[in-house]
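Shown below: work-v2.cif, with mmCIF, C-alpha atoms.
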data_input
loop_
_atom_site.label_atom_id
_atom_site.label_comp_id
_atom_site.auth_asym_id
_atom_site.auth_seq_id
_atom_site.Cartn_x
_atom_site.Cartn_y
_atom_site.Cartn_z
CA MET X 86 -39.34 -11.44 100.17
CA ASN X 87 -42.55 -10.88 102.12
CA THR X 88 -43.19 -7.85 99.87
CA SER X 89 -42.92 -10.00 96.76
CA PHE X 90 -45.31 -12.61 98.16
CA SER X 91 -47.78 -9.91 99.16
CA ILE X 92 -47.80 -8.58 95.58
CA LEU X 93 -47.97 -12.06 94.05
CA ASN X 94 -50.83 -13.02 96.34
CA SER X 95 -52.78 -9.92 95.28
CA LEU X 96 -52.14 -10.55 91.58
CA SER X 97 -53.23 -14.18 91.88
CA ASN X 98 -56.61 -13.01 93.15
CA LEU X 99 -57.09 -10.58 90.24
CA TYR X 100 -55.78 -12.39 87.16
CA GLU X 101 -55.75 -15.81 85.56
CA VAL X 102 -52.86 -17.88 86.91
CA ASP X 103 -50.91 -20.83 85.54
CA GLU X 104 -48.33 -22.22 87.98
CA ASN X 105 -46.09 -25.20 88.50
CA GLU X 106 -42.94 -25.82 90.55
CA SER X 107 -40.70 -23.95 88.08
CA VAL X 108 -42.84 -21.25 86.37
CA LEU X 109 -45.58 -18.79 87.38
CA ARG X 110 -47.64 -16.93 84.76
CA PHE X 111 -50.28 -14.19 85.01
CA PHE X 112 -52.41 -13.82 81.86
CA GLU X 113 -54.26 -10.77 80.48
CA TYR X 114 -52.37 -8.30 82.60
CA PRO X 115 -53.25 -4.74 81.37
CA LEU X 116 -50.32 -2.34 81.31
CA ASP X 117 -50.54 1.23 82.51
CA THR X 118 -48.39 3.46 84.68
CA ASN X 119 -49.63 1.98 87.97
CA SER X 120 -49.59 -1.68 86.94
CA TYR X 121 -46.10 -1.27 85.44
CA ALA X 122 -44.87 0.30 88.69
CA ILE X 123 -46.24 -2.71 90.59
CA LEU X 124 -44.28 -5.07 88.33
CA LYS X 125 -41.08 -3.06 88.80
CA GLU X 126 -41.52 -3.23 92.59
CA LEU X 127 -42.18 -6.97 92.31
CA ASN X 128 -39.07 -7.47 90.20
CA GLN X 129 -36.91 -5.64 92.75
CA SER X 130 -38.33 -7.60 95.70
CA LEU X 131 -38.02 -11.03 94.08
CA ASP X 132 -34.34 -11.08 94.96
CA ASN X 133 -33.18 -14.70 94.39
CA LEU X 134 -36.69 -16.21 94.20
CA GLY X 135 -36.89 -15.95 90.41
CA THR X 136 -36.62 -13.78 87.32
CA LEU X 137 -39.52 -11.75 85.89
CA SER X 138 -40.31 -11.07 82.25
CA ILE X 139 -43.21 -9.38 80.39
CA SER X 140 -44.43 -10.26 76.92
CA ASP X 141 -47.10 -8.71 74.70
CA GLU X 142 -49.78 -11.35 74.13
CA LEU X 143 -50.62 -10.01 70.63
CA MET X 144 -47.20 -9.12 69.25
CA SER X 145 -45.22 -11.72 71.23
CA GLU X 146 -42.70 -9.01 72.03
CA VAL X 147 -40.69 -9.07 75.25
CA ILE X 148 -40.83 -5.86 77.27
CA ASP X 149 -37.73 -5.07 79.34
CA ILE X 150 -38.87 -4.50 82.92
CA ASN X 151 -35.82 -2.30 83.54
CA ASP X 152 -36.95 0.25 80.93
CA ILE X 153 -38.99 3.27 81.92
CA TYR X 154 -42.69 3.16 81.13
CA LYS X 155 -43.52 4.29 77.60
CA SER X 156 -46.82 5.62 76.35
CA GLU X 157 -46.85 2.97 73.65
CA PHE X 158 -47.43 0.40 76.42
CA ASP X 159 -50.87 1.87 77.14
CA GLY X 160 -53.62 -0.68 76.54
CA VAL X 161 -51.19 -3.58 76.02
CA VAL X 162 -52.47 -6.84 77.50
CA ALA X 163 -49.40 -8.71 78.65
CA THR X 164 -48.38 -12.04 80.09
CA VAL X 165 -46.20 -11.81 83.19
CA LYS X 166 -43.84 -14.75 83.56
CA ILE X 167 -41.70 -15.58 86.59
CA VAL X 168 -39.13 -18.36 86.28
CA LYS X 169 -38.51 -19.74 89.77
CA GLN X 170 -34.97 -20.32 90.94
CA SER X 171 -33.92 -23.92 91.59
CA ARG X 172 -33.44 -24.53 95.32
CA PRO X 173 -34.16 -27.18 98.03
CA TYR X 174 -37.48 -25.47 98.82
CA LEU X 175 -40.41 -24.38 96.64
CA TRP X 176 -43.09 -21.70 96.69
CA PHE X 177 -46.59 -21.43 95.24
CA VAL X 178 -48.98 -18.49 95.28
CA SER X 179 -52.07 -20.30 94.00
CA PRO X 180 -53.85 -23.33 95.53
CA THR X 181 -54.49 -24.71 92.04
CA GLY X 182 -50.77 -24.61 91.22
CA PHE X 183 -49.86 -26.46 94.41
CA ASN X 184 -52.67 -28.96 93.86
CA SER X 185 -51.41 -29.69 90.33
CA TYR X 186 -47.92 -30.14 91.70
CA LEU X 187 -49.11 -32.73 94.24
CA LYS X 188 -50.78 -34.70 91.41
CA GLY X 189 -47.44 -35.15 89.64
CA GLU X 190 -45.42 -38.34 89.51
CA SER X 191 -42.61 -37.27 91.88
CA PRO X 192 -43.85 -34.44 94.13
CA LEU X 193 -42.06 -33.54 97.40
CA GLU X 194 -38.85 -35.22 96.23
CA ASN X 195 -35.64 -33.68 97.63
CA ILE X 196 -37.61 -30.80 99.14
CA ASN X 197 -37.11 -29.31 102.63
CA ALA X 198 -39.78 -26.60 102.71
CA ILE X 199 -42.62 -25.13 100.66
CA ASN X 200 -43.92 -21.59 101.09
CA LEU X 201 -47.69 -21.29 100.62
CA PRO X 202 -48.87 -17.73 101.40
CA PHE X 203 -52.52 -18.71 100.88
CA LEU X 204 -52.46 -21.00 103.95
CA LYS X 205 -54.17 -19.89 107.14
CA GLU X 206 -51.65 -21.71 109.32
CA SER X 207 -48.26 -23.38 108.82
CA PHE X 208 -47.88 -27.12 109.25
CA SER X 209 -45.21 -29.76 108.73
CA THR X 210 -44.58 -33.38 107.88
CA ASN X 211 -41.77 -35.57 109.15
CA HIS X 212 -39.44 -34.13 106.48
CA ILE X 213 -41.03 -30.97 105.04
CA ARG X 214 -42.31 -27.70 106.48
CA PHE X 215 -45.18 -25.84 104.78
CA THR X 216 -45.05 -22.19 105.81
CA VAL X 217 -47.31 -19.17 105.48
CA GLU X 218 -44.47 -16.69 105.87
CA PHE X 219 -41.41 -17.23 103.71
CA GLU X 220 -38.53 -18.85 105.59
CA ASP X 221 -35.13 -19.06 103.97
CA LEU X 222 -34.31 -22.46 105.43
CA LYS X 223 -30.94 -24.19 105.29
CA ASP X 224 -30.47 -27.21 103.09
CA VAL X 225 -31.10 -30.27 105.29
CA GLN X 226 -30.42 -33.74 103.94
CA ASN X 227 -32.99 -36.33 105.06
CA ASP X 228 -32.79 -40.06 104.49
CA THR X 229 -35.48 -40.99 101.98
CA LEU X 230 -37.67 -44.06 102.44
CA SER X 231 -39.39 -45.49 99.39
CA VAL X 232 -42.39 -47.72 100.15
CA ILE X 233 -41.88 -49.83 97.04
CA LYS X 234 -39.70 -52.02 99.30
CA TYR X 235 -42.83 -52.99 101.24
CA VAL X 236 -45.72 -52.53 98.79
CA LYS X 237 -46.15 -54.32 95.46
CA PRO X 238 -47.71 -52.14 92.71
CA LEU X 239 -49.84 -54.19 90.33
CA THR X 240 -50.06 -51.56 87.58
CA ILE X 241 -48.00 -48.65 86.30
CA GLU X 242 -50.64 -46.24 87.62
CA SER X 243 -50.43 -47.75 91.10
CA GLN X 244 -46.63 -47.44 91.08
CA LYS X 245 -46.99 -43.70 90.47
CA LEU X 246 -49.02 -43.44 93.69
CA LEU X 247 -46.25 -44.92 95.85
CA PRO X 248 -44.22 -42.18 97.61
CA LYS X 249 -40.49 -42.08 96.95
CA ASP X 250 -40.11 -40.63 100.43
CA VAL X 251 -43.06 -41.60 102.60
CA ASN X 252 -42.01 -39.37 105.52
CA SER X 253 -42.54 -36.32 103.32
CA TRP X 254 -46.27 -37.20 103.24
CA ILE X 255 -46.76 -38.06 106.93
CA THR X 256 -48.18 -35.01 108.69
CA SER X 257 -46.71 -34.34 112.13
CA GLU X 258 -48.98 -35.58 114.90
CA LYS X 259 -49.34 -32.09 116.43
CA ASN X 260 -50.74 -30.78 113.10
CA ILE X 261 -53.10 -33.65 112.20
CA SER X 262 -56.23 -32.21 113.77
CA ASN X 263 -55.88 -28.68 112.35
CA ILE X 264 -54.70 -29.05 108.78
CA PRO X 265 -55.90 -25.86 107.06
CA PHE X 266 -55.58 -27.08 103.47
CA GLN X 267 -58.09 -29.70 102.28
CA SER X 268 -56.13 -30.48 99.14
CA TRP X 269 -53.28 -31.74 101.33
CA LYS X 270 -55.61 -34.16 103.09
CA PHE X 271 -56.71 -35.47 99.71
CA HIS X 272 -53.26 -36.19 98.30
CA SER X 273 -51.62 -37.21 101.57
CA SER X 274 -54.34 -39.73 102.41
CA LEU X 275 -54.22 -41.21 98.91
CA ARG X 276 -50.45 -41.70 98.99
CA LEU X 277 -50.40 -43.10 102.53
CA LEU X 278 -53.30 -45.48 101.93
CA CYS X 279 -51.27 -46.97 99.09
CA SER X 280 -48.28 -47.26 101.44
CA ILE X 281 -49.78 -49.20 104.36
CA CYS X 282 -51.16 -52.12 102.31
CA SER X 283 -49.29 -55.10 100.83
CA GLU X 284 -50.41 -54.65 97.21
CA VAL X 285 -52.12 -51.82 95.36
CA PHE X 286 -54.03 -51.78 92.09
CA ALA X 287 -54.97 -48.46 90.45
CA GLU X 288 -56.77 -47.94 87.17
CA LYS X 289 -58.50 -44.73 86.06
CA ASP X 290 -60.52 -43.49 89.08
CA LYS X 291 -60.49 -46.77 91.01
CA VAL X 292 -58.00 -47.98 93.62
CA GLU X 293 -57.90 -51.43 95.22
CA LEU X 294 -55.87 -52.04 98.39
CA PHE X 295 -54.84 -55.60 99.30
CA PHE X 296 -53.90 -56.55 102.87
CA ARG X 297 -52.06 -59.82 103.35
CA GLY X 298 -52.44 -61.92 106.49
CA GLU X 299 -53.88 -65.34 107.02
CA ARG X 300 -56.28 -64.29 104.28
CA ARG X 301 -55.83 -61.74 101.49
CA LYS X 302 -58.41 -58.96 101.97
CA LYS X 303 -59.32 -56.20 99.52
CA TYR X 304 -60.78 -52.73 99.94
CA CYS X 305 -61.85 -50.50 97.03
CA PHE X 306 -62.43 -46.76 96.81
CA GLU X 307 -62.56 -44.02 94.20
CA ILE X 308 -59.65 -41.59 93.83
CA SER X 309 -62.00 -38.61 93.56
CA ASP X 310 -63.87 -39.44 96.81
CA SER X 311 -62.91 -36.39 98.95
CA ALA X 312 -65.20 -37.41 101.81
CA PHE X 313 -63.37 -40.74 102.13
CA TYR X 314 -60.03 -38.98 102.54
CA GLU X 315 -61.53 -36.59 105.09
CA ASN X 316 -62.68 -39.55 107.21
CA THR X 317 -59.47 -41.55 106.96
CA PHE X 318 -56.83 -38.81 106.98
CA GLU X 319 -56.07 -38.86 110.70
CA ILE X 320 -55.94 -42.63 111.25
CA VAL X 321 -54.02 -43.26 108.01
CA THR X 322 -51.45 -40.64 109.03
CA LEU X 323 -51.06 -42.11 112.54
CA SER X 324 -50.74 -45.64 111.12
CA SER X 325 -48.14 -44.57 108.57
CA ASP X 326 -46.19 -42.70 111.22
CA TRP X 327 -46.08 -45.78 113.45
CA ILE X 328 -44.97 -48.01 110.59
CA PHE X 329 -42.43 -45.82 108.79
CA ASN X 330 -41.17 -43.07 111.09
CA GLN X 331 -38.77 -45.38 112.93
CA SER X 332 -36.06 -46.56 110.56
CA LYS X 333 -35.58 -49.97 112.22
CA ASP X 334 -37.86 -52.99 111.85
CA ILE X 335 -40.22 -51.34 109.35
CA ASP X 336 -40.87 -54.62 107.56
CA THR X 337 -42.06 -56.28 110.77
CA ARG X 338 -44.41 -53.43 111.72
CA HIS X 339 -45.77 -53.25 108.16
CA SER X 340 -46.41 -57.00 108.13
CA ILE X 341 -48.09 -57.00 111.57
CA PHE X 342 -50.36 -54.10 110.58
CA ASN X 343 -51.43 -55.88 107.39
CA GLN X 344 -52.18 -59.05 109.34
CA GLN X 345 -54.38 -57.14 111.77
CA VAL X 346 -56.28 -55.36 108.98
CA SER X 347 -56.85 -58.65 107.16
CA ILE X 348 -58.33 -60.13 110.36
CA LEU X 349 -60.67 -57.19 111.04
CA LEU X 350 -61.69 -56.24 107.49
CA SER X 351 -64.79 -57.92 106.08
CA ASP X 352 -65.97 -58.07 102.50
CA SER X 353 -68.95 -55.87 103.36
CA SER X 354 -66.99 -53.10 105.14
CA THR X 355 -68.27 -49.61 104.36
CA GLU X 356 -66.35 -46.34 104.29
CA SER X 357 -67.03 -45.62 107.96
CA ASP X 358 -66.23 -49.24 108.85
CA PHE X 359 -62.86 -48.99 107.12
CA SER X 360 -61.78 -46.07 109.31
CA SER X 361 -62.78 -48.04 112.42
CA VAL X 362 -60.94 -51.10 111.12
CA LEU X 363 -57.73 -49.10 110.69
CA THR X 364 -58.10 -47.63 114.19
CA ALA X 365 -58.51 -51.06 115.77
CA ALA X 366 -55.76 -52.54 113.59
CA LEU X 367 -53.30 -49.87 114.74
CA ASP X 368 -54.05 -50.51 118.42
CA ASN X 369 -53.77 -54.28 117.94
CA SER X 370 -50.57 -53.90 115.93
CA LYS X 371 -48.87 -51.95 118.71
CA LEU X 372 -49.72 -54.73 121.19
CA ALA X 373 -48.66 -57.46 118.76
CA TYR X 374 -45.39 -55.70 118.04
CA ARG X 375 -44.69 -55.33 121.76
CA TYR X 376 -45.31 -59.05 122.21
CA HIS X 377 -43.01 -59.74 119.24
CA LEU X 378 -40.23 -57.78 120.91
CA GLN X 379 -40.72 -59.56 124.22
CA SER X 380 -40.77 -63.03 122.66
CA SER X 381 -37.62 -62.32 120.69
CA SER X 382 -35.81 -60.69 123.63
CA LYS X 383 -34.66 -64.07 125.03
CA ASP X 384 -32.87 -65.02 121.82
CA LEU X 385 -31.55 -61.49 121.50
CA THR X 386 -30.21 -61.53 125.07
CA LYS X 387 -28.48 -64.87 124.43
CA THR X 388 -26.93 -63.56 121.22
CA LEU X 389 -25.77 -60.37 122.92
CA THR X 390 -24.26 -62.45 125.74
CA ASP X 391 -22.38 -64.54 123.18
CA LEU X 392 -21.16 -61.36 121.49
CA ASN X 393 -20.02 -59.95 124.83
CA LYS X 394 -18.21 -63.21 125.66
CA THR X 395 -16.53 -63.29 122.26
CA LEU X 396 -15.43 -59.66 122.54
CA PHE X 397 -14.03 -60.35 126.02
CA GLU X 398 -11.92 -63.18 124.55
CA TYR X 399 -10.70 -60.92 121.73
CA ILE X 400 -9.82 -58.11 124.12
CA SER X 401 -8.06 -60.56 126.44
CA LYS X 402 -5.98 -61.75 123.48
CA ILE X 403 -4.99 -58.16 122.63
CA ARG X 404 -4.08 -57.58 126.28
CA GLN X 405 -2.01 -60.76 126.21
CA ASN X 406 -0.25 -59.43 123.11
CA THR X 407 0.56 -56.25 125.05
CA THR X 408 1.95 -58.30 127.95
CA ASP X 409 3.99 -60.45 125.55
CA LEU X 410 5.44 -57.35 123.96
CA MET X 411 6.65 -55.98 127.30
CA SER X 412 7.99 -59.40 128.24
CA ALA X 413 9.93 -59.46 124.98
CA VAL X 414 11.35 -56.01 125.79
CA TRP X 415 12.68 -57.15 129.18
CA ARG X 416 13.91 -60.45 127.73
CA ASP X 417 15.83 -58.71 124.95
CA PHE X 418 17.12 -56.08 127.38
CA SER X 419 18.49 -58.85 129.59
CA THR X 420 20.07 -60.54 126.57
CA VAL X 421 21.71 -57.31 125.41
CA LEU X 422 22.94 -56.45 128.90
CA GLY X 423 24.39 -59.94 129.41
CA LEU X 424 26.18 -59.99 126.06
CA MET X 425 27.57 -56.49 126.54
CA LEU X 426 28.93 -57.39 129.97
CA LEU X 427 30.36 -60.55 128.47
CA ASN X 428 31.85 -58.48 125.69
CA PHE X 429 33.79 -56.24 128.07
CA SER X 430 34.76 -59.04 130.46
CA ILE X 431 36.29 -61.44 127.93
CA LYS X 432 37.97 -59.00 125.56
CA LYS X 433 41.64 -59.92 125.21
CA PRO X 434 44.39 -58.42 123.08
CA ASP X 435 44.97 -61.69 121.29
CA LEU X 436 41.36 -61.85 120.02
CA PRO X 437 40.50 -60.03 116.75
CA ILE X 438 38.32 -56.95 117.33
CA GLU X 439 36.14 -57.91 114.32
CA ILE X 440 34.64 -60.77 116.31
CA PHE X 441 33.05 -58.33 118.76
CA ASN X 442 31.93 -56.05 115.90
CA TYR X 443 30.15 -58.97 114.21
CA LEU X 444 28.60 -59.90 117.53
CA ALA X 445 27.21 -56.36 117.93
CA VAL X 446 25.75 -56.37 114.41
CA ALA X 447 24.17 -59.79 115.00
CA LEU X 448 22.71 -58.53 118.25
CA CYS X 449 21.16 -55.51 116.50
CA ILE X 450 19.66 -57.77 113.83
CA TYR X 451 18.25 -59.97 116.57
CA LEU X 452 16.57 -56.98 118.27
CA VAL X 453 15.05 -55.72 115.00
CA ALA X 454 13.76 -59.20 114.15
CA SER X 455 12.38 -59.67 117.66
CA ILE X 456 10.23 -56.55 117.79
CA SER X 457 9.25 -56.83 114.10
CA LEU X 458 7.90 -60.36 114.43
CA THR X 459 6.21 -59.72 117.78
CA ALA X 460 4.50 -56.53 116.55
CA ARG X 461 3.60 -57.97 113.16
CA ILE X 462 1.79 -60.94 114.70
CA SER X 463 -0.16 -58.67 117.04
CA PHE X 464 -1.15 -56.15 114.34
CA TRP X 465 -2.07 -58.98 111.98
CA TYR X 466 -4.33 -60.47 114.64
CA TYR X 467 -6.20 -57.16 115.14
CA ASN X 468 -6.60 -56.40 111.41
CA ASN X 469 -7.75 -59.94 110.66
CA LEU X 470 -10.20 -59.82 113.57
CA LYS X 471 -11.63 -56.50 112.41
CA GLU X 472 -12.03 -57.79 108.84
CA ASN X 473 -13.79 -60.95 110.02
CA LEU X 474 -16.19 -58.98 112.21
CA SER X 475 -17.06 -56.77 109.24
CA ASP X 476 -17.63 -59.80 106.99
CA TRP X 477 -19.86 -61.57 109.50
CA LYS X 478 -21.77 -58.50 110.71
CA ASP X 479 -24.83 -58.89 108.48
CA LYS X 480 -24.97 -62.68 108.87
CA ILE X 481 -24.57 -63.00 112.64
CA TYR X 482 -25.15 -59.53 114.08
CA GLY X 483 -27.75 -58.21 111.64
CA TYR X 484 -30.02 -57.17 114.52
CA LEU X 485 -27.53 -54.41 115.38
CA SER X 486 -27.48 -51.15 113.46
CA ASP X 487 -24.19 -49.75 112.13
CA ASN X 488 -23.93 -47.32 115.05
CA GLU X 489 -24.73 -50.02 117.62
CA PHE X 490 -22.23 -52.43 116.09
CA GLN X 491 -19.64 -49.66 116.12
CA GLN X 492 -20.38 -48.96 119.78
CA TYR X 493 -20.64 -52.52 121.11
CA ALA X 494 -18.13 -54.37 118.91
CA TYR X 495 -15.56 -52.09 117.32
CA SER X 496 -15.14 -49.52 120.09
CA PRO X 497 -13.91 -51.97 122.82
CA LEU X 498 -11.50 -53.56 120.35
CA LYS X 499 -10.22 -50.16 119.22
CA SER X 500 -9.70 -49.13 122.84
CA ALA X 501 -7.68 -52.28 123.59
CA GLN X 502 -5.69 -51.89 120.36
CA SER X 503 -5.01 -48.24 121.18
CA LYS X 504 -3.40 -49.28 124.48
CA TYR X 505 -1.35 -51.88 122.61
CA LYS X 506 -0.14 -49.22 120.13
CA THR X 507 0.95 -47.00 123.03
CA THR X 508 2.92 -49.91 124.52
CA PHE X 509 4.36 -50.70 121.09
CA TYR X 510 5.70 -47.16 120.60
CA ILE X 511 7.27 -47.23 124.09
CA ALA X 512 8.84 -50.61 123.31
CA LEU X 513 10.05 -49.38 119.93
CA THR X 514 11.73 -46.42 121.62
CA LEU X 515 13.47 -48.75 124.09
CA TYR X 516 14.66 -50.99 121.26
CA ILE X 517 16.08 -48.02 119.40
CA ILE X 518 17.90 -46.96 122.57
CA MET X 519 19.27 -50.49 123.02
CA ILE X 520 20.49 -50.68 119.42
CA GLY X 521 22.03 -47.24 119.75
CA ALA X 522 23.80 -48.29 122.97
CA ILE X 523 25.19 -51.44 121.34
CA LEU X 524 26.60 -49.49 118.40
CA TYR X 525 27.98 -46.78 120.64
CA PHE X 526 29.83 -49.09 123.03
CA THR X 527 31.03 -51.34 120.22
CA TYR X 528 32.33 -48.70 117.80
CA PHE X 529 32.50 -45.17 119.13
CA PHE X 530 33.42 -46.03 122.71
CA GLU X 531 36.29 -48.22 121.46
CA LEU X 532 37.52 -45.43 119.18
CA LYS X 533 37.68 -43.00 122.12
CA LYS X 534 39.73 -45.49 124.10
#

I need this file expressed as structure tokens, please.
Amino acid sequence: MNTSFSILNSLSNLYEVDENESVLRFFEYPLDTNSYAILKELNQSLDNLGTLSISDELMSEVIDINDIYKSEFDGVVATVKIVKQSRPYLWFVSPTGFNSYLKGESPLENINAINLPFLKESFSTNHIRFTVEFEDLKDVQNDTLSVIKYVKPLTIESQKLLPKDVNSWITSEKNISNIPFQSWKFHSSLRLLCSICSEVFAEKDKVELFFRGERRKKYCFEISDSAFYENTFEIVTLSSDWIFNQSKDIDTRHSIFNQQVSILLSDSSTESDFSSVLTAALDNSKLAYRYHLQSSSKDLTKTLTDLNKTLFEYISKIRQNTTDLMSAVWRDFSTVLGLMLLNFSIKKPDLPIEIFNYLAVALCIYLVASISLTARISFWYYNNLKENLSDWKDKIYGYLSDNEFQQYAYSPLKSAQSKYKTTFYIALTLYIIMIGAILYFTYFFELKK
């Protein structure tokens, strides 16, 4: 694969290139013995990256790359076309092709890695790796985060600027200061600037960002202003990372950041002022968010205490059900033992044997009914409790994530219910033994006598 990229990189420097995420074309490629041999080597090294074809620009004839070179190909100016294979990662050999891709409506969607051999150094975002050397990476599924949940687009053009997965545009902090590709700074800054505000308006080459706080503040800039993106790239990336990289409480952090920007931003803020405003707003937002967590911790602690108390009562009830089940076992065992002793002590020849047979059947029915009702009530209690907790989760315990709710609420109940099930199976075995003993001593034992 490195061989193919080496050849493609050389060709892109020599010939006119047209490239997008699915097709790569080289125009006005003159055919001769050497150039044809290069294409055959390229075709063999492409492997599963794509399929290569050659067409005569004048005659529109397709030349089979697998054929041997013919003298009639001399002087033919061809178009070399490579159809890229569909996969969870992309590759580009020309900066212009990658730049055009980033301008599209849905770039970086469902992508894990992009190979860019023209880069001087690899870098990565929170979800995507951009590599110099080709890396055949495994398909990794990331949770996407669309900013349209937090930002209101005021025009169709502004909606196109909102990332469908903002973490794909947030450059990793370790790479921020040494990004080797200026075009990435341009497009990343533009997308992230539109993500950290409350509302965005875009029309032609003009973008207006609105920050909502006590007052609604506006900042305008031109899309083509490369110097503006250069100045704001680092702070916009850090701000976006703080807001969006943690999946919980994004709405709160986004709202706090907008409030701080609206306080600091003035109507006369210049380009350099705006970068300073964002820097100060990020620092203030971190402090404000910390205060928010501290002020809400008292209510959270009280709610968690109530949850713990409620769970303790539920678990105690399940334990009581376990104790009641064992009590029922010993109670029924005593009943069976007493009636069996009574059976053998009062049997007389003048009494019909059917009376004792009916008594044994009635006793078996009693045992089945006893364990069935006891177990059914206990299992019904657990299932009903689990269903109620699930129904009330979002309304009462919405501050807990699914994993936390599973750990703090469901897991203790499951553990208690698991112990009850173990006791139930032991009790069930004892009941089966008791019923078997009744039938044996009533029917088979009498037959042997």

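Comparing X:Phe329, X:Tyr505, X:Tyr121, X:Phe111 by their smallest distance to Asp159 of chain X, the closest is X:Tyr121 (using all atoms listed in the file).
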
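Residues within 12 Å of Gln331 of chain X, counting all atoms listed in the file and excluding same-chain residues fewer than 3 positions away, are Asn211, Asp228, Leu230, Val251, Asn252, Ser325, Asp326, Trp327, Ile328, Asp334, Ile335, Asp336, Thr337, Arg338 and His339 of chain X.
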
Tell me which residues the PyMOL selection byres ((chain X and resi 373) around 12) grabs here, as a list in words. Thr337, Arg338, His339, Ser340, Ile341, Phe342, Asn343, Gln344, Gln345, Ala366, Leu367, Asp368, Asn369, Ser370, Lys371, Leu372, Tyr374, Arg375, Tyr376, His377, Leu378, Gln379 and Ser380 of chain X

Please report the interatomic distance between atom CA of Thr216 of chain X and atom CA of His272 of chain X in Å with one decimal. 17.9 Å

Chain and number of each residue from the PyMOL selection byres ((chain X and resi 302-308) around 7), as number ranges by chain: X: 290-297, 300-301, 309-310, 347, 350

Fewer than 6 positions away in the same chain doesn't count, so skip those; otherwise give me all residues within 9 Å of Phe215 of chain X, counting all atoms listed in the file, as a PDB file with C-alpha atoms, in the coordinates of the input.
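Printed below is selection.pdb as written:
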ATOM      1  CA  ALA X 198     -39.780 -26.600 102.710  1.00  0.00           C
ATOM      2  CA  ILE X 199     -42.620 -25.130 100.660  1.00  0.00           C
ATOM      3  CA  ASN X 200     -43.920 -21.590 101.090  1.00  0.00           C
ATOM      4  CA  LEU X 201     -47.690 -21.290 100.620  1.00  0.00           C
ATOM      5  CA  LEU X 204     -52.460 -21.000 103.950  1.00  0.00           C
ATOM      6  CA  GLU X 206     -51.650 -21.710 109.320  1.00  0.00           C
ATOM      7  CA  SER X 207     -48.260 -23.380 108.820  1.00  0.00           C
ATOM      8  CA  PHE X 208     -47.880 -27.120 109.250  1.00  0.00           C
ATOM      9  CA  SER X 209     -45.210 -29.760 108.730  1.00  0.00           C
TER      10      SER X 209
END

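Against the coordinates shown, the PyMOL selection byres ((chain X and resi 456-462) around 10) returns Asn406, Thr407, Asp409, Leu410, Ala413, Val414, Asp417, Tyr451, Leu452, Val453, Ala454, Ser455, Ser463, Phe464, Trp465, Tyr466, Tyr467, Tyr505, Lys506, Phe509, Ala512, Leu513 and Tyr516 of chain X.
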
Would you save the residues from that selection as a PDB file, in the frame of the given file, using C-alpha atoms?
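Contents of again-v2.pdb, as written:
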ATOM      1  CA  ASN X 406      -0.250 -59.430 123.110  1.00  0.00           C
ATOM      2  CA  THR X 407       0.560 -56.250 125.050  1.00  0.00           C
ATOM      3  CA  ASP X 409       3.990 -60.450 125.550  1.00  0.00           C
ATOM      4  CA  LEU X 410       5.440 -57.350 123.960  1.00  0.00           C
ATOM      5  CA  ALA X 413       9.930 -59.460 124.980  1.00  0.00           C
ATOM      6  CA  VAL X 414      11.350 -56.010 125.790  1.00  0.00           C
ATOM      7  CA  ASP X 417      15.830 -58.710 124.950  1.00  0.00           C
ATOM      8  CA  TYR X 451      18.250 -59.970 116.570  1.00  0.00           C
ATOM      9  CA  LEU X 452      16.570 -56.980 118.270  1.00  0.00           C
ATOM     10  CA  VAL X 453      15.050 -55.720 115.000  1.00  0.00           C
ATOM     11  CA  ALA X 454      13.760 -59.200 114.150  1.00  0.00           C
ATOM     12  CA  SER X 455      12.380 -59.670 117.660  1.00  0.00           C
ATOM     13  CA  SER X 463      -0.160 -58.670 117.040  1.00  0.00           C
ATOM     14  CA  PHE X 464      -1.150 -56.150 114.340  1.00  0.00           C
ATOM     15  CA  TRP X 465      -2.070 -58.980 111.980  1.00  0.00           C
ATOM     16  CA  TYR X 466      -4.330 -60.470 114.640  1.00  0.00           C
ATOM     17  CA  TYR X 467      -6.200 -57.160 115.140  1.00  0.00           C
ATOM     18  CA  TYR X 505      -1.350 -51.880 122.610  1.00  0.00           C
ATOM     19  CA  LYS X 506      -0.140 -49.220 120.130  1.00  0.00           C
ATOM     20  CA  PHE X 509       4.360 -50.700 121.090  1.00  0.00           C
ATOM     21  CA  ALA X 512       8.840 -50.610 123.310  1.00  0.00           C
ATOM     22  CA  LEU X 513      10.050 -49.380 119.930  1.00  0.00           C
ATOM     23  CA  TYR X 516      14.660 -50.990 121.260  1.00  0.00           C
TER      24      TYR X 516
END

What is the distance, in Å and to one decimal place, between atom CA of Ser231 of chain X and atom CA of Ser274 of chain X? 16.3 Å

Which one is closest to Val165 of chain X: X:Cys282, X:Leu193, X:Leu127, X:Leu277? Count all atoms listed in the file. X:Leu127

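Using all atoms listed in the file, the contacts of Arg276 of chain X at a cut-off of 9 Å, with sequence neighbours closer than 6 positions omitted, comprise Leu246, Leu247, Pro248, Val251 and Trp254 of chain X.
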
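Closest approach to Met411 of chain X from the set X:Thr507, X:Ser268, X:Val232, X:Glu489 is made by X:Thr507, with distances taken over only C-alpha atoms.
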
Neighbours of point (-38.3, -24.0, 93.1) within 9 Å, using all atoms listed in the file, written as number ranges by chain: X: 106-108, 134-135, 168-177, 199

Closest of X:Asn316, X:Thr240, X:Ser419, X:Ser401 to Gln502 of chain X, counting only C-alpha atoms, is X:Ser401
